[in-house]
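Quick look at target-v3.cif (mmCIF, C-alpha atoms):
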data_coords
#
loop_
_atom_site.label_atom_id
_atom_site.label_comp_id
_atom_site.auth_asym_id
_atom_site.auth_seq_id
_atom_site.Cartn_x
_atom_site.Cartn_y
_atom_site.Cartn_z
CA MET A 277 45.87 74.03 184.19
CA SER A 278 47.99 71.66 182.11
CA VAL A 279 51.12 72.72 180.25
CA GLU A 280 49.20 72.62 176.96
CA GLU A 281 46.40 74.80 178.39
CA ASN A 282 48.97 77.29 179.71
CA GLU A 283 50.56 77.45 176.27
CA ILE A 284 47.20 78.10 174.60
CA LYS A 285 46.40 80.77 177.19
CA ALA A 286 49.74 82.47 176.57
CA ARG A 287 49.27 82.31 172.79
CA VAL A 288 45.77 83.83 172.99
CA ILE A 289 46.89 86.61 175.34
CA TYR A 290 49.91 87.37 173.14
CA PHE A 291 47.64 87.36 170.06
CA LEU A 292 45.27 89.88 171.68
CA SER A 293 48.14 92.04 172.86
CA ASN A 294 49.66 92.04 169.39
CA GLU A 295 46.34 92.85 167.70
CA THR A 296 45.31 95.59 170.14
CA ALA A 297 48.65 97.04 171.32
CA ILE A 298 47.50 96.45 174.90
CA SER A 299 50.12 95.11 177.28
CA VAL A 300 50.10 91.37 177.99
CA SER A 301 50.08 92.25 181.69
CA GLN A 302 46.64 93.88 181.28
CA ILE A 303 45.01 90.80 179.75
CA ASN A 304 43.84 87.77 181.73
CA LEU A 305 41.26 84.98 181.47
CA ASN A 306 38.43 87.27 182.56
CA THR A 307 39.30 90.14 180.22
CA ARG A 308 36.32 91.00 178.01
CA LEU A 309 37.04 91.97 174.42
CA PHE A 310 34.36 94.64 174.03
CA HIS A 311 33.87 95.80 177.58
CA ASP A 312 37.50 95.85 178.78
CA LEU A 313 39.64 96.10 175.64
CA GLY A 314 37.25 98.33 173.70
CA ILE A 315 37.29 96.12 170.61
CA ASP A 316 34.28 97.05 168.50
CA GLY A 317 32.86 97.34 165.00
CA GLU A 318 35.13 96.50 162.07
CA ASP A 319 38.06 96.07 164.42
CA ALA A 320 36.16 93.27 166.15
CA MET A 321 35.34 91.60 162.85
CA ASP A 322 38.98 91.80 161.76
CA LEU A 323 40.23 90.49 165.09
CA ILE A 324 37.80 87.55 165.14
CA SER A 325 38.66 86.73 161.53
CA GLU A 326 42.39 86.75 162.32
CA PHE A 327 41.74 84.69 165.47
CA SER A 328 39.86 82.16 163.34
CA LYS A 329 42.80 81.82 160.94
CA SER A 330 45.48 81.76 163.63
CA PHE A 331 43.80 79.18 165.84
CA GLU A 332 41.73 77.24 163.25
CA VAL A 333 38.42 78.14 164.87
CA ASP A 334 35.17 78.14 162.89
CA VAL A 335 33.41 81.50 163.29
CA SER A 336 30.78 81.04 160.58
CA ASN A 337 27.92 80.96 163.12
CA PHE A 338 29.31 83.68 165.41
CA GLN A 339 26.82 86.53 165.88
CA TYR A 340 28.98 89.67 166.00
CA SER A 341 26.06 91.96 166.84
CA GLU A 342 25.42 90.11 170.11
CA TYR A 343 28.97 90.83 171.34
CA PHE A 344 30.09 93.98 169.51
CA GLY A 345 28.58 97.22 168.27
CA ASN A 346 28.58 98.55 164.73
CA GLU A 347 31.32 100.90 163.65
CA GLY A 348 29.70 104.11 162.49
CA ALA A 349 31.13 106.73 160.23
CA ALA A 350 32.49 109.88 161.79
CA SER A 351 29.61 112.26 162.42
CA PRO A 352 28.25 114.66 165.00
CA PHE A 353 26.49 111.66 166.48
CA SER A 354 29.84 110.04 167.36
CA LEU A 355 30.03 112.15 170.51
CA ILE A 356 26.54 111.05 171.54
CA LYS A 357 27.53 107.45 170.84
CA MET A 358 30.54 107.83 173.11
CA ILE A 359 28.34 109.19 175.89
CA LEU A 360 25.82 106.40 175.49
CA ASN A 361 28.54 103.74 175.19
CA ARG A 362 28.04 102.61 178.79
CA ARG A 363 24.45 101.65 177.99
CA THR A 364 25.59 99.96 174.77
CA GLN A 365 28.12 97.92 176.73
CA ALA A 366 25.41 96.70 179.07
CA ASP A 367 23.43 95.45 176.08
CA LYS A 368 26.25 93.27 174.74
CA LYS A 369 27.11 89.73 175.75
CA GLU A 370 30.57 89.23 177.19
CA LEU A 371 33.26 87.53 175.13
CA THR A 372 36.27 86.79 177.32
CA VAL A 373 39.75 85.44 176.82
CA GLU A 374 38.54 82.28 178.52
CA ASN A 375 35.76 81.99 175.90
CA LEU A 376 38.37 82.25 173.13
CA ILE A 377 40.45 79.51 174.73
CA GLU A 378 37.37 77.29 175.05
CA SER A 379 36.56 77.90 171.38
CA ILE A 380 40.02 76.59 170.43
CA ARG A 381 39.25 73.36 172.29
CA LYS A 382 35.84 73.04 170.63
CA GLY A 383 36.91 74.19 167.18
CA TYR A 384 34.17 76.83 166.89
CA LEU A 385 33.42 80.19 168.49
CA ILE A 386 30.40 80.29 170.82
#

Structure rendered as structure tokens:
Amino acid sequence: MSVEENEIKARVIYFLSNETAISVSQINLNTRLFHDLGIDGEDAMDLISEFSKSFEVDVSNFQYSEYFGNEGAASPFSLIKMILNRRTQADKKELTVENLIESIRKGYLI
């Protein structure tokens, strides 16, 4: 990895740590936003929007529903959703730190 690539990697990991309050030491190239960091629903939309602004990445064609779930209102069904979350995770495509770094190079997300 070149110096520039290492800098981008560090910036993306720091960005994610700052946005999620998860330690930098727990985030690496293979870390998945939804599956590992638990980023979902409106939080995912906000994070991707902020990522787009911070790194000048076009996200206009990004399909959130393929990578993240919908954030539901608090209800008795929230508990059921938590129980079924493992199945929901299996249904979602993976979006990794490495994918975010690649999107910076390309100028667009996925």

What are the closest atom pairs, with distances in Å to one decimal, for all residues of range 277-345 of chain A lying within 9 Å of range 372-384 of chain A? Consider all atoms listed in the file, order rows by chain and residue number, and present the result as CSV.
residue,atom,partner,partner_atom,distance
A:Glu281,CA,A:Ile377,CA,8.4
A:Ile284,CA,A:Ile377,CA,6.9
A:Lys285,CA,A:Ile377,CA,6.6
A:Val288,CA,A:Ile377,CA,7.1
A:Ile289,CA,A:Val373,CA,7.4
A:Leu292,CA,A:Val373,CA,8.8
A:Ile303,CA,A:Val373,CA,8.1
A:Asn304,CA,A:Val373,CA,6.8
A:Leu305,CA,A:Glu374,CA,4.8
A:Asn306,CA,A:Thr372,CA,5.7
A:Thr307,CA,A:Thr372,CA,5.4
A:Arg308,CA,A:Thr372,CA,4.3
A:Leu309,CA,A:Thr372,CA,6.0
A:Phe310,CA,A:Thr372,CA,8.7
A:Phe327,CA,A:Leu376,CA,8.7
A:Ser328,CA,A:Tyr384,CA,8.6
A:Phe331,CA,A:Ile380,CA,6.5
A:Glu332,CA,A:Gly383,CA,6.9
A:Val333,CA,A:Gly383,CA,4.8
A:Asp334,CA,A:Tyr384,CA,4.3
A:Val335,CA,A:Tyr384,CA,5.9
A:Ser336,CA,A:Tyr384,CA,8.3
A:Asn337,CA,A:Tyr384,CA,8.4
A:Phe338,CA,A:Tyr384,CA,8.5

task: Write out as an MDAnalysis selection string which residues come within 10 Å of Val300 in chain A when counting all atoms listed in the file, dropping same-chain ones fewer than 6 positions away.
output: chainID A and resid 286 289:294

field: Selection result of the PyMOL selection byres ((chain A and resi 369) around 6) on this file, as JSON, numbers by chain
entry: {"A": [342, 343, 368, 370]}

Put the listed atoms of range 326-330 of chain A in a box along x, y and z with 5 Å added on every side and give me the centre and edge lengths in Å to one decimal, as AutoDock Vina command-line options.
--center_x 42.7 --center_y 84.3 --center_z 163.2 --size_x 15.6 --size_y 15.0 --size_z 14.5
